[in-house]
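Everything below belongs to input00.cif, which stores mmCIF, C-alpha atoms and all ligand atoms.
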data_data
loop_
_atom_site.label_atom_id
_atom_site.label_comp_id
_atom_site.auth_asym_id
_atom_site.auth_seq_id
_atom_site.Cartn_x
_atom_site.Cartn_y
_atom_site.Cartn_z
CA MET A 1 2.21 43.99 -17.02
CA SER A 2 -1.19 45.04 -18.35
CA LYS A 3 -1.99 41.38 -18.78
CA THR A 4 -1.62 40.67 -15.07
CA SER A 5 -3.37 43.80 -13.77
CA GLN A 6 -6.49 43.37 -15.88
CA PRO A 7 -7.96 40.30 -14.16
CA ARG A 8 -7.33 41.91 -10.80
CA GLN A 9 -9.37 44.97 -11.79
CA GLN A 10 -12.18 42.76 -13.00
CA HIS A 11 -12.03 40.84 -9.74
CA GLN A 12 -12.33 44.05 -7.72
CA GLN A 13 -15.32 45.16 -9.75
CA GLN A 14 -17.03 41.85 -9.11
CA GLN A 15 -16.42 42.21 -5.41
CA GLN A 16 -17.93 45.69 -5.37
CA GLN A 17 -21.14 44.39 -6.91
CA GLY A 18 -21.20 41.30 -4.74
CA PRO A 19 -22.01 40.75 -1.05
CA PRO A 20 -20.72 43.24 1.58
CA PHE A 21 -18.22 40.61 2.74
CA PRO A 22 -16.98 37.42 1.09
CA ASN A 23 -17.37 33.97 2.62
CA ASN A 24 -13.72 34.04 3.64
CA TYR A 25 -12.98 34.29 7.33
CA ILE A 26 -9.68 34.61 9.12
CA LEU A 27 -9.15 33.11 12.55
CA ARG A 28 -8.05 35.57 15.23
CA GLN A 29 -7.25 35.01 18.86
CA VAL A 30 -7.97 37.65 21.52
CA SER A 31 -6.87 37.58 25.14
CA LEU A 32 -8.97 35.54 27.58
CA ALA A 33 -10.05 38.76 29.27
CA ASP A 34 -11.58 39.89 25.99
CA SER A 35 -13.63 36.72 25.53
CA LYS A 36 -17.20 37.20 24.30
CA PRO A 37 -20.17 34.81 24.00
CA CYS A 38 -19.86 32.23 21.24
CA MET A 39 -22.29 32.80 18.37
CA ILE A 40 -23.59 29.24 18.68
CA CYS A 41 -23.57 28.19 22.34
CA PHE A 42 -23.03 31.56 24.11
CA LYS A 43 -20.11 30.25 26.17
CA PRO A 44 -17.30 32.80 26.42
CA SER A 45 -14.71 32.33 23.69
CA SER A 46 -11.49 34.10 22.79
CA THR A 47 -11.58 32.85 19.20
CA VAL A 48 -12.91 35.25 16.58
CA LEU A 49 -13.67 34.76 12.92
CA VAL A 50 -13.22 37.97 10.95
CA SER A 51 -14.28 38.29 7.33
CA GLU A 52 -11.38 39.03 5.03
CA ASN A 53 -12.52 42.63 4.42
CA GLN A 54 -13.29 42.96 8.19
CA HIS A 55 -16.94 43.91 7.60
CA ASP A 56 -18.16 40.98 9.66
CA PHE A 57 -16.86 39.16 12.72
CA PHE A 58 -18.13 36.92 15.49
CA TYR A 59 -16.85 34.92 18.45
CA VAL A 60 -16.98 31.16 18.25
CA CYS A 61 -15.69 28.15 20.25
CA PRO A 62 -12.78 26.40 18.49
CA SER A 63 -14.72 23.11 18.76
CA HIS A 64 -17.44 24.32 16.36
CA LEU A 65 -14.78 24.88 13.72
CA LEU A 66 -14.28 21.12 13.56
CA ASP A 67 -17.90 20.69 12.46
CA ASP A 68 -18.27 20.94 8.68
CA GLN A 69 -21.96 21.75 9.17
CA PHE A 70 -20.66 25.06 10.49
CA ALA A 71 -17.46 25.80 8.60
CA THR A 72 -14.72 24.15 6.58
CA PRO A 73 -11.08 25.16 6.67
CA ILE A 74 -9.53 26.59 3.53
CA LYS A 75 -6.51 24.34 3.04
CA PRO A 76 -3.30 26.27 2.43
CA GLU A 77 -0.49 25.12 0.13
CA SER A 78 1.61 24.01 3.11
CA TYR A 79 -1.18 21.64 4.18
CA ASN A 80 -1.50 20.15 0.69
CA LEU A 81 2.27 19.72 0.59
CA LEU A 82 2.16 17.73 3.82
CA HIS A 83 -0.39 15.38 2.26
CA GLN A 84 1.80 15.03 -0.81
CA GLU A 85 4.80 14.20 1.38
CA VAL A 86 2.82 11.53 3.23
CA LYS A 87 1.83 10.00 -0.11
CA GLN A 88 5.46 9.91 -1.23
CA ILE A 89 6.65 8.41 2.06
CA ASN A 90 3.97 5.71 1.80
CA GLN A 91 5.19 4.84 -1.69
CA SER A 92 8.76 4.71 -0.47
CA VAL A 93 7.75 2.47 2.48
CA ALA A 94 5.99 0.06 0.10
CA LYS A 95 9.07 -0.09 -2.14
CA LEU A 96 11.44 -0.65 0.79
CA ARG A 97 9.23 -3.48 2.07
CA LYS A 98 9.27 -5.08 -1.38
CA ASP A 99 13.06 -4.71 -1.69
CA MET A 100 13.53 -6.17 1.77
CA GLU A 101 11.48 -9.17 0.77
CA THR A 102 13.91 -9.95 -2.07
CA GLU A 103 16.97 -9.32 0.14
CA LYS A 104 15.68 -11.40 3.03
CA PRO A 105 18.63 -13.48 4.27
CA TYR A 106 17.24 -16.98 3.80
CA LEU A 107 20.79 -18.30 3.31
CA TRP A 108 21.93 -17.15 6.72
CA GLY A 109 19.03 -18.85 8.38
CA MET A 110 19.98 -22.05 6.59
CA SER A 111 23.63 -21.75 7.69
CA ASN A 112 22.63 -21.30 11.30
CA TYR A 113 20.38 -24.30 10.98
CA TRP A 114 23.29 -26.41 9.73
CA LYS A 115 25.60 -25.22 12.49
CA LEU A 116 23.10 -25.95 15.22
CA ASN A 117 22.22 -29.39 13.95
CA ASN A 118 25.65 -30.65 12.93
CA ASN A 119 27.36 -29.40 16.13
CA GLY A 120 30.72 -30.06 14.47
CA ASP A 121 30.21 -33.83 14.87
CA ASN A 122 31.63 -34.82 11.55
CA PRO A 123 33.27 -31.74 10.13
CA SER A 124 33.08 -32.72 6.52
CA THR A 125 34.39 -30.90 3.51
CA ASN A 126 30.78 -30.16 2.72
CA ASP A 127 30.51 -27.93 5.79
CA ASN A 128 33.59 -26.03 4.77
CA ASP A 129 32.08 -25.55 1.38
CA ASN A 130 28.93 -24.27 3.02
CA ASP A 131 30.90 -21.74 5.04
CA LYS A 132 32.70 -20.56 1.96
CA GLU A 133 29.39 -20.16 0.16
CA LYS A 134 28.02 -18.30 3.12
CA SER A 135 30.85 -15.78 3.37
CA LYS A 136 30.73 -15.30 -0.38
CA SER A 137 27.05 -14.50 -0.35
CA GLN A 138 27.52 -12.21 2.63
CA GLU A 139 30.23 -10.31 0.78
CA GLN A 140 27.92 -9.83 -2.14
CA ASN A 141 25.19 -8.51 0.09
CA ASN A 142 27.39 -6.16 2.10
CA ASP A 143 27.64 -2.47 1.29
CA LYS A 144 30.57 -0.11 1.97
CA ASP A 145 29.80 0.20 5.68
CA GLY A 146 29.93 -3.54 6.07
CA LYS A 147 26.19 -3.70 6.62
CA SER A 148 24.13 -6.15 4.67
CA LYS A 149 21.74 -4.76 2.09
CA TYR A 150 18.90 -6.11 4.15
CA GLU A 151 20.06 -4.27 7.28
CA THR A 152 20.47 -1.04 5.32
CA LEU A 153 16.96 -1.34 3.91
CA LYS A 154 15.63 -2.15 7.36
CA ALA A 155 17.25 0.99 8.80
CA ARG A 156 15.86 3.10 5.96
CA LEU A 157 12.41 1.67 6.51
CA ALA A 158 12.57 2.54 10.21
CA ASP A 159 13.59 6.11 9.25
CA GLN A 160 10.73 6.44 6.80
CA LEU A 161 8.19 5.05 9.26
CA GLN A 162 9.34 7.56 11.86
CA ASN A 163 9.12 10.31 9.25
CA LEU A 164 5.61 9.17 8.32
CA LYS A 165 4.52 9.24 11.96
CA GLU A 166 5.78 12.80 12.38
CA LYS A 167 4.10 14.06 9.20
CA GLU A 168 0.79 12.44 10.11
CA GLU A 169 0.96 14.05 13.54
CA GLU A 170 1.66 17.41 11.89
CA ILE A 171 -1.45 16.99 9.72
CA LYS A 172 -3.52 16.07 12.75
CA LEU A 173 -2.43 19.13 14.68
CA PHE A 174 -2.47 21.50 11.71
CA LYS A 175 -3.83 24.92 12.66
CA PHE A 176 -5.97 26.34 9.88
CA LYS A 177 -6.11 30.10 9.62
CA LYS A 178 -8.87 30.56 7.07
CA TYR A 179 -12.40 29.23 7.03
CA GLN A 180 -15.43 29.19 4.80
CA LEU A 181 -18.82 29.19 6.49
CA GLU A 182 -21.47 26.67 5.58
CA GLN A 183 -23.89 28.35 3.12
CA THR A 184 -26.84 28.72 5.56
CA ILE A 185 -24.59 30.17 8.26
CA TYR A 186 -23.07 32.58 5.75
CA LYS A 187 -26.54 33.67 4.54
CA ASN A 188 -27.53 34.31 8.16
CA ARG A 189 -24.46 36.50 8.59
CA LEU A 190 -25.41 38.46 5.46
CA MET A 191 -29.00 38.89 6.68
CA LEU A 192 -27.85 40.04 10.10
CA HIS A 193 -25.48 42.51 8.48
CA GLN A 194 -28.30 43.83 6.28
CA ARG A 195 -30.63 44.22 9.28
CA ARG A 196 -28.01 46.07 11.34
CA LYS A 197 -27.27 48.38 8.44
CA HIS A 198 -30.96 49.08 7.99
CA GLU A 199 -31.45 49.81 11.72
CA LYS A 200 -28.44 52.08 11.78
CA GLU A 201 -29.75 54.04 8.82
CA LYS A 202 -33.18 54.28 10.42
CA SER A 203 -31.84 55.67 13.69
CA GLU A 204 -29.58 58.08 11.86
CA LYS A 205 -32.57 59.31 9.85
CA LEU A 206 -34.58 59.82 13.05
CA GLN A 207 -31.78 61.87 14.60
CA GLN A 208 -31.48 64.01 11.52
CA GLU A 209 -35.17 64.85 11.37
CA GLY A 210 -36.25 68.18 12.80
CA PHE A 211 -34.72 69.23 16.07
CA PHE A 212 -31.06 69.56 15.37
CA PRO A 213 -30.49 71.35 12.10
CA GLN A 214 -27.01 70.63 10.91
CA ALA A 215 -24.50 73.43 10.51
CA PRO A 216 -23.60 74.08 6.92
CA THR A 217 -20.56 72.08 6.02
CA HIS A 218 -19.60 74.02 2.94
CA GLN A 219 -17.14 76.81 3.38
CA LEU A 220 -17.83 80.11 1.75
CA THR A 221 -15.47 80.84 -1.03
CA ASN A 222 -14.58 84.26 -2.28
ZN ZN A 301 -19.68 27.63 21.31
#
Will you turn the file into structure tokens for me?
Amino acid sequence: MSKTSQPRQQHQQQQQQGPPFPNNYILRQVSLADSKPCMICFKPSSTVLVSENQHDFFYVCPSHLLDDQFATPIKPESYNLLHQEVKQINQSVAKLRKDMETEKPYLWGMSNYWKLNNNGDNPSTNDNDNDKEKSKSQEQNNDKDGKSKYETLKARLADQLQNLKEKEEEIKLFKFKKYQLEQTIYKNRLMLHQRRKHEKEKSEKLQQEGFFPQAPTHQLTN
């Protein structure tokens, strides 16, 4: 247990010495009525980025979040998994296509060709032999459901392609919840925070000076 808690303590200490807020922002949505000017273009926006420790926040249009000169999304595990799935489906599609190539029913095409061109003119024993060959090869290529291997592969390929389409759409529409600001933007946020803090301290100091002496806050003890 002590092994796991130690790095966490160290991490907290580092954070205390570091900047007042980390470059880790969480996307929040407020109601349209609560929209405020976007930090960049001043158009009203209901999207807010809040720093993880909530010491900084600003309103921003969702469109700016697509610009990596402004911010980049922090990709969650579920997003990486989607990409992994797409990779696997692509591999499976390539294999199915290769398998289909070897199962391609050339023989059937040939049989049809013979039928069409011979038109039963001289039904020779050769034709009968051909038919026997044909049904034999079909039997070999049929699975339990009576479908040919080729047809089964074709159906599986169609399934996988549909699956691929859905996953790719999911990636395209993926809603990121966490963002990291571009370094210059983040530095500007830190500077602004510093300035506000300084101004607040200055005005507090002015109020404290002179006119309104504060009541003692310590209680008398017996
Ligand atoms: Zn904007």
Could I get the residues of chain A with an atom no further than 6 Å from an atom of ligand ZN 301 (chain A), each paired with its nearest atom pair and that distance in Å to one decimal, using all atoms listed in the file, sorted by chain and residue number, as a Markdown table?
| residue | atom | partner | partner_atom | distance |
| --- | --- | --- | --- | --- |
| A:Cys38 | CA | A:ZN301 | ZN | 4.6 |
| A:Ile40 | CA | A:ZN301 | ZN | 5.0 |
| A:Cys41 | CA | A:ZN301 | ZN | 4.1 |
| A:Phe42 | CA | A:ZN301 | ZN | 5.9 |
| A:Lys43 | CA | A:ZN301 | ZN | 5.5 |
| A:Val60 | CA | A:ZN301 | ZN | 5.4 |
| A:Cys61 | CA | A:ZN301 | ZN | 4.2 |
May I have the residues within 12 Å of Leu66 (chain A) as a PyMOL selection string, using only C-alpha atoms and disregarding those fewer than 3 positions away in the same chain? chain A and resi 60-63+69-73+172+174-176+179-181
CA of Gln207 (chain A) and CA of Phe58 (chain A) are how many Å apart? 28.5 Å
Counting all atoms listed in the file, find the residues whose atoms lie at most 9 Å from (-5.3, 30.5, 27.3) (file coordinates) and write them out as a VMD selection string. chain A and resid 31 to 32 46
Give me, please, the distance in Å between CA of Asn188 (chain A) and CA of Ile26 (chain A), quoted to one decimal.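 Between CA of Asn188 (chain A) and CA of Ile26 (chain A) the gap is 17.9 Å.
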Straight-line distance linking CA of Lys36 (chain A) with CA of Glu201 (chain A), stated in Å to one decimal: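 Interatomic distance here is 26.1 Å.
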Nearby residues (only C-alpha atoms) at most 8 Å from Pro22 (chain A), same-chain spacing under 3 positions excluded, as a list of chain:residue names: A:Pro19, A:Ser51, A:Glu52, A:Asn53
Which of A:Leu82, A:Ile171, A:Met39, A:Leu96 sits closest to His64 (chain A) [using all atoms listed in the file]: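 Smallest separation from His64 (chain A) among the options: A:Met39.
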For region 154-168 of chain A, where the input has fewer atoms than it should, I would like N, CA and C atoms rebuilt and written as a compact mmCIF listing (two decimals), in the frame of the given file.
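Output file rebuild-v3.txt is given in full below:
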# COMPACT_ATOMS: atom_id res chain seq x y z
N LYS A 154 16.41 -2.11 6.11
CA LYS A 154 15.63 -2.15 7.36
C LYS A 154 15.77 -0.81 8.10
N ALA A 155 17.01 -0.29 8.13
CA ALA A 155 17.25 0.99 8.80
C ALA A 155 16.52 2.12 8.08
N ARG A 156 16.55 2.06 6.74
CA ARG A 156 15.86 3.10 5.96
C ARG A 156 14.36 3.05 6.17
N LEU A 157 13.85 1.84 6.26
CA LEU A 157 12.41 1.67 6.51
C LEU A 157 12.02 2.27 7.86
N ALA A 158 12.85 2.00 8.87
CA ALA A 158 12.57 2.54 10.21
C ALA A 158 12.56 4.07 10.17
N ASP A 159 13.52 4.65 9.42
CA ASP A 159 13.59 6.11 9.25
C ASP A 159 12.31 6.65 8.63
N GLN A 160 11.91 5.99 7.54
CA GLN A 160 10.73 6.44 6.80
C GLN A 160 9.46 6.31 7.64
N LEU A 161 9.38 5.24 8.42
CA LEU A 161 8.19 5.05 9.26
C LEU A 161 8.10 6.12 10.33
N GLN A 162 9.29 6.49 10.86
CA GLN A 162 9.34 7.56 11.86
C GLN A 162 8.92 8.89 11.22
N ASN A 163 9.43 9.13 10.03
CA ASN A 163 9.12 10.31 9.25
C ASN A 163 7.60 10.40 9.00
N LEU A 164 7.04 9.27 8.62
CA LEU A 164 5.61 9.17 8.32
C LEU A 164 4.78 9.53 9.57
N LYS A 165 5.22 8.99 10.70
CA LYS A 165 4.52 9.24 11.96
C LYS A 165 4.50 10.74 12.28
N GLU A 166 5.66 11.37 12.08
CA GLU A 166 5.78 12.80 12.38
C GLU A 166 4.90 13.65 11.46
N LYS A 167 4.90 13.30 10.16
CA LYS A 167 4.10 14.06 9.20
C LYS A 167 2.60 13.90 9.48
N GLU A 168 2.21 12.69 9.83
CA GLU A 168 0.79 12.44 10.11
C GLU A 168 0.34 13.20 11.35
